[in-house]
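What follows is the content of upload.cif (mmCIF, C-alpha atoms).
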data_work
loop_
_atom_site.label_atom_id
_atom_site.label_comp_id
_atom_site.auth_asym_id
_atom_site.auth_seq_id
_atom_site.Cartn_x
_atom_site.Cartn_y
_atom_site.Cartn_z
CA MET P 359 10.55 17.70 22.95
CA SER P 360 8.71 14.68 24.36
CA LEU P 361 5.18 13.71 23.49
CA SER P 362 3.86 14.71 26.91
CA ASP P 363 4.92 18.32 26.25
CA LYS P 364 2.94 18.58 23.03
CA SER P 365 -0.50 20.12 22.84
CA ASP P 366 -3.57 18.03 22.18
CA ASN P 367 -3.72 19.34 18.63
CA GLU P 368 -0.13 18.36 17.98
CA ILE P 369 -0.90 14.89 19.28
CA ILE P 370 -3.88 14.69 16.94
CA GLU P 371 -1.74 15.74 13.98
CA LEU P 372 0.88 13.15 14.84
CA LEU P 373 -1.77 10.44 15.20
CA ALA P 374 -3.11 11.33 11.78
CA GLU P 375 0.40 11.34 10.36
CA TYR P 376 1.02 7.81 11.60
CA GLY P 377 -2.42 6.67 10.42
CA ILE P 378 -3.68 5.84 13.91
CA LYS P 379 -7.44 6.05 14.28
CA HIS P 380 -8.31 8.03 17.33
CA GLY P 381 -11.14 9.57 19.24
CA PRO P 382 -11.04 12.79 21.19
CA ILE P 383 -7.79 13.55 23.00
CA VAL P 384 -8.70 14.29 26.60
CA ASP P 385 -6.90 13.80 29.90
CA SER P 386 -8.13 10.24 30.28
CA THR P 387 -7.29 9.13 26.74
CA ARG P 388 -4.15 11.11 26.11
CA LYS P 389 -1.74 8.82 27.89
CA LEU P 390 -3.00 5.87 25.87
CA TYR P 391 -2.56 7.68 22.57
CA GLU P 392 0.90 8.90 23.57
CA LYS P 393 1.82 5.28 24.15
CA LYS P 394 0.42 4.30 20.75
CA LEU P 395 2.31 7.14 19.09
CA LYS P 396 5.58 6.22 20.74
CA LYS P 397 5.18 2.66 19.52
CA ALA P 398 4.40 3.83 15.98
CA MET P 399 7.36 6.21 16.03
CA ASP P 400 9.72 3.48 17.22
CA GLU P 401 8.51 1.26 14.41
CA ALA P 402 9.02 4.10 11.95
CA VAL P 403 12.60 4.48 13.18
CA VAL P 404 13.24 0.78 12.68
CA LYS P 405 11.82 0.93 9.17
CA PRO P 406 14.76 2.69 7.44
CA SER P 407 16.62 -0.63 7.55
CA SER P 408 14.14 -1.90 5.00
CA ASP P 409 14.65 1.30 3.03
CA LYS P 410 18.32 0.44 2.79
CA THR P 411 17.45 -2.44 0.54
CA TYR P 412 15.92 0.07 -1.84
CA TYR P 413 19.10 2.10 -1.88
CA ARG P 414 21.05 -1.02 -2.57
CA GLU P 415 18.82 -1.76 -5.52
CA GLU P 416 19.46 1.71 -6.85
CA GLU P 417 23.19 1.18 -6.47
CA GLU P 418 22.89 -2.04 -8.39
CA GLU P 419 21.09 -0.25 -11.15
CA ILE P 420 23.78 2.38 -11.31
CA THR P 421 26.56 -0.18 -11.50
CA TYR P 422 24.56 -2.04 -14.09
CA VAL P 423 24.49 1.03 -16.29
CA THR P 424 28.13 1.90 -15.79
CA TYR P 425 29.05 -1.67 -16.50
CA HIS P 426 27.46 -1.40 -19.91
CA SER P 427 28.94 1.93 -20.90
CA PRO P 428 32.58 0.82 -21.16
CA VAL P 429 31.61 -1.56 -23.99
CA ARG P 430 33.90 -0.71 -26.86
CA ASN P 431 31.57 0.66 -29.50
CA GLU P 432 29.32 2.89 -27.48
CA ALA P 433 28.64 5.11 -30.45
CA TYR P 434 27.44 2.18 -32.45
CA SER P 435 24.96 1.06 -29.80
CA ASP P 436 23.68 4.60 -29.78
CA THR P 437 23.10 4.56 -33.49
CA LEU P 438 21.44 1.20 -33.19
CA LYS P 439 19.12 2.56 -30.54
CA ARG P 440 18.38 5.50 -32.76
CA ARG P 441 17.54 3.08 -35.49
CA VAL P 442 15.09 1.35 -33.20
CA ILE P 443 13.51 4.63 -32.37
CA THR P 444 13.29 5.87 -35.93
CA GLU P 445 12.23 2.70 -37.61
CA PRO P 446 8.75 2.50 -36.13
CA ASP P 447 8.11 5.93 -37.60
CA GLU P 448 9.11 4.67 -41.02
CA GLU P 449 6.78 1.76 -40.57
CA GLU P 450 3.94 4.00 -39.62
CA GLU P 451 4.47 6.05 -42.70
CA LEU P 452 4.63 2.95 -44.80
CA GLU P 453 1.64 1.42 -43.14
CA GLN P 454 -0.50 3.97 -44.81
CA ASP P 455 0.61 2.53 -48.16
CA THR P 456 -0.17 -0.96 -49.35
CA GLU P 457 0.90 -4.19 -47.75
CA PRO P 458 3.85 -5.36 -49.88
CA PRO P 459 6.16 -2.39 -49.19
CA ILE P 460 6.10 -3.17 -45.48
CA GLN P 461 7.20 -6.70 -46.02
CA SER P 462 10.04 -5.51 -48.16
CA THR P 463 11.21 -2.92 -45.63
CA ARG P 464 11.02 -5.46 -42.90
CA ALA P 465 13.18 -7.82 -44.85
CA ALA P 466 15.58 -5.00 -45.64
CA ASN P 467 15.95 -3.97 -42.00
CA HIS P 468 16.33 -7.53 -40.99
CA THR P 469 19.20 -8.13 -43.36
CA THR P 470 21.01 -4.92 -42.52
CA VAL P 471 20.86 -5.64 -38.83
CA GLN P 472 21.96 -9.19 -39.30
CA SER P 473 24.85 -8.22 -41.49
CA ARG P 474 26.09 -5.70 -38.94
CA GLN P 475 25.90 -7.95 -35.94
CA PRO P 476 28.73 -10.31 -36.72
CA ILE P 477 31.04 -7.48 -37.67
CA LYS P 478 30.81 -5.72 -34.35
CA LYS P 479 30.55 -8.81 -32.11
CA SER P 480 29.08 -6.87 -29.21
CA GLY P 481 27.26 -9.00 -26.67
CA GLY P 482 23.69 -10.10 -26.04
CA CYS P 483 22.47 -6.55 -25.55
CA LYS P 484 22.29 -5.93 -29.27
CA SER P 485 20.82 -9.30 -30.14
CA LEU P 486 18.13 -8.51 -27.61
CA LEU P 487 17.55 -5.20 -29.32
CA ILE P 488 17.27 -6.97 -32.64
CA ARG P 489 14.77 -9.42 -31.24
CA LEU P 490 12.73 -6.58 -29.83
CA LEU P 491 12.94 -4.87 -33.19
CA LEU P 492 11.69 -7.98 -34.97
CA LEU P 493 8.92 -8.39 -32.45
CA ALA P 494 7.89 -4.78 -33.00
CA LEU P 495 7.91 -5.30 -36.75
CA VAL P 496 5.79 -8.44 -36.54
CA ALA P 497 3.41 -6.71 -34.15
CA ALA P 498 3.14 -3.75 -36.50
CA PHE P 499 2.45 -6.06 -39.41
CA LEU P 500 -0.22 -7.96 -37.51
CA TYR P 501 -1.77 -4.72 -36.44
CA TYR P 502 -1.82 -3.58 -40.04
CA VAL P 503 -3.52 -6.81 -41.11
CA TYR P 504 -5.99 -6.44 -38.29
CA CYS P 505 -6.76 -2.90 -39.42
CA CYS P 506 -7.37 -4.16 -42.95
CA MET P 507 -9.72 -6.83 -41.68
CA GLU P 508 -11.56 -4.24 -39.67
CA SER P 509 -11.95 -1.87 -42.57
CA ASN P 510 -12.87 -4.52 -45.13
CA PRO P 511 -16.47 -5.07 -44.01
CA GLU P 512 -17.08 -1.38 -44.41
CA ASN P 513 -15.94 -1.31 -48.02
CA PRO P 514 -18.64 -3.63 -49.41
CA PHE P 515 -21.24 -1.38 -47.88
CA GLY P 516 -19.53 1.55 -49.49
CA HIS P 517 -19.77 -0.22 -52.83
CA LEU P 518 -23.41 -1.06 -52.29
CA LEU P 519 -24.23 2.48 -51.39
CA MET F 585 -14.84 -18.34 22.41
CA SER F 586 -15.31 -18.73 26.13
CA THR F 587 -18.77 -18.65 27.63
CA THR F 588 -19.78 -15.46 29.35
CA SER F 589 -20.00 -15.19 33.11
CA GLN F 590 -23.16 -14.66 35.11
CA LYS F 591 -21.85 -11.18 35.95
CA HIS F 592 -21.51 -10.40 32.26
CA ARG F 593 -25.04 -11.60 31.48
CA ASP F 594 -26.48 -9.64 34.38
CA PHE F 595 -24.77 -6.46 33.26
CA VAL F 596 -25.73 -6.59 29.58
CA ALA F 597 -29.32 -7.58 30.37
CA GLU F 598 -30.49 -4.17 31.58
CA PRO F 599 -29.61 -0.48 31.47
CA MET F 600 -26.66 0.17 33.78
CA GLY F 601 -28.35 3.03 35.58
CA ASP F 602 -26.30 3.85 38.66
CA LYS F 603 -24.44 0.58 38.94
CA ALA F 604 -21.04 0.56 40.63
CA VAL F 605 -17.90 0.04 38.60
CA THR F 606 -17.51 -3.35 40.27
CA ASP F 607 -20.67 -4.56 38.58
CA LEU F 608 -18.75 -4.61 35.31
CA SER F 609 -17.59 -8.01 34.20
CA GLY F 610 -13.88 -8.45 34.89
CA ILE F 611 -13.79 -5.70 37.52
CA GLY F 612 -13.55 -7.09 41.02
CA TYR F 613 -12.94 -5.40 44.33
CA ALA F 614 -9.24 -4.70 43.82
CA LEU F 615 -9.55 -3.26 40.32
CA GLY F 616 -12.73 -1.43 41.31
CA THR F 617 -10.90 0.35 44.12
CA LYS F 618 -8.11 1.47 41.79
CA LEU F 619 -10.63 2.78 39.29
CA GLN F 620 -12.57 4.60 42.01
CA ASP F 621 -9.37 6.31 43.08
CA GLN F 622 -9.10 7.72 39.58
CA GLY F 623 -12.69 8.94 39.57
CA PHE F 624 -14.24 6.01 37.77
CA ASP F 625 -16.58 5.11 40.59
CA LYS F 626 -19.60 4.26 38.47
CA ALA F 627 -19.97 1.91 35.56
CA TYR F 628 -21.18 4.80 33.40
CA ALA F 629 -17.91 6.63 33.94
CA VAL F 630 -16.06 3.65 32.53
CA LEU F 631 -18.63 3.52 29.75
CA GLY F 632 -17.74 7.14 29.03
CA GLN F 633 -14.11 6.19 28.60
CA PHE F 634 -15.13 3.29 26.38
CA LEU F 635 -17.14 5.66 24.20
CA LEU F 636 -14.29 8.20 24.10
CA LEU F 637 -12.18 5.43 22.64
CA ARG F 638 -14.84 5.03 19.98
CA LYS F 639 -15.97 1.65 21.32
CA ASN F 640 -12.63 0.22 20.27
CA THR F 641 -12.35 -2.81 22.54
CA GLU F 642 -8.63 -3.24 21.97
CA LEU F 643 -7.81 0.34 22.87
CA PHE F 644 -10.15 0.17 25.84
CA ALA F 645 -8.61 -3.03 27.14
CA GLU F 646 -5.20 -1.45 26.85
CA TRP F 647 -6.36 1.59 28.75
CA LEU F 648 -7.93 -0.55 31.48
CA LYS F 649 -4.71 -2.48 31.90
CA ASP F 650 -2.78 0.76 32.29
CA ALA F 651 -5.31 2.45 34.53
CA SER F 652 -6.21 -0.38 36.90
CA GLY F 653 -3.52 -2.99 36.43
CA ALA F 654 -6.06 -5.45 35.03
CA ASN F 655 -4.73 -8.51 33.27
CA SER F 656 -5.58 -9.24 29.65
CA LYS F 657 -8.49 -11.52 30.52
CA GLN F 658 -10.07 -9.01 32.91
CA ALA F 659 -9.62 -6.16 30.45
CA ALA F 660 -11.08 -8.18 27.58
CA ASP F 661 -14.05 -9.24 29.72
CA CYS F 662 -14.81 -5.67 30.67
CA ALA F 663 -14.46 -4.44 27.08
CA GLN F 664 -16.71 -7.23 25.82
CA CYS F 665 -19.23 -6.43 28.53
CA LEU F 666 -19.40 -2.74 27.61
CA SER F 667 -19.43 -3.49 23.91
CA GLU F 668 -22.43 -5.77 24.25
CA TRP F 669 -24.18 -3.35 26.57
CA CYS F 670 -23.77 -0.65 23.90
CA ASN F 671 -25.20 -2.93 21.24
CA ASN F 672 -28.22 -3.55 23.45
CA PHE F 673 -28.95 -0.14 24.87
CA LEU F 674 -27.15 2.63 23.04
#
Before we go any further, please render this structure as structure tokens.
Amino acid sequence: MSLSDKSDNEIIELLAEYGIKHGPIVDSTRKLYEKKLKKAMDEAVVKPSSDKTYYREEEEEITYVTYHSPVRNEAYSDTLKRRVITEPDEEEELEQDTEPPIQSTRAANHTTVQSRQPIKKSGGCKSLLIRLLLLALVAAFLYYVYCCMESNPENPFGHLL
Amino acid sequence: MSTTSQKHRDFVAEPMGDKAVTDLSGIGYALGTKLQDQGFDKAYAVLGQFLLLRKNTELFAEWLKDASGANSKQAADCAQCLSEWCNNFL
């Protein structure tokens, strides 16, 4: 079905679809808008070539994931990930206590992770995880300190009152 | 930007009234005849088309090229002429 067979309303819908600003569609303007539409449609047909690059990226991602899965100790990496997930919770719980316990847990985690790394000898992925873990721990600690600093000014007032 | 022609200045200086299509800047005898054949015998009829295209000079110039076989310069002159007339009198 060619553009010239469509009704004025269909032309208007198509123009809106392709984001073409338009005035009224009448006999004298219709031909012009049909031309514009055809051009826009042709451009839209050409576009998928650029979409292909997106698909390629997706493929790369997929291969990237599958490339990682064959690594020997998959189960271990899973447990490590679980550790990463669970540890922040522990920290949060501990954060509500006093400062020293956090430092001790941080040191404990640090040593356990370090001791495990050389045994398994599995690539940079885990060392990256460890670094992220350390970063998270430091960030949590700083946040805790910050919270203490925030709450301190209130305490003296509490004492005064 | 090129300077405007005497024809352009004459047209945008006053209401178009009943002026012929050939009084529009960029529209000479040959283009005027082609436009008259399509029913655009008066300048106001062409103005009507210009307004239908929402005073979009690019769209109008494109239409004029299709409708009368005007070249880019002629079409741009006519669009500019009508655009300025609208600013002055609409």
*asked:* Once the PyMOL selection byres ((chain F) within 8 of (chain P)) is applied to the coordinates I shared, what remains selected? I want it as a list in words.
replied: Gln633, Leu636, Leu637, Arg638, Leu643, Glu646 and Trp647 of chain F
*Write out as a PyMOL selection string each polymer residue whose atoms come within 12 Å of region 658-664 of chain F, counting all atoms listed in the file; drop sequence neighbours fewer than 2 positions from it.*
chain F and resi 585-593+595-596+605-612+614-616+627+630-631+633-635+637-656+666-671
*One decimal, Å: what's the distance from CA of Asp602 (chain F) over to CA of Phe624 (chain F), could you say?*
12.3 Å
_One decimal, in Å: what's the spacing between CA of Asp363 (chain P) and CA of Arg388 (chain P)?_
11.6 Å
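Note that CA of Glu598 (chain F) and CA of Leu674 (chain F) are 11.4 Å apart.
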_Best match for closeness to Lys397 (chain P) among P:Asn367, P:Leu361, P:Asp385, P:Cys506, counting all atoms listed in the file_ =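 For Lys397 (chain P), the nearest of the given residues is P:Leu361.
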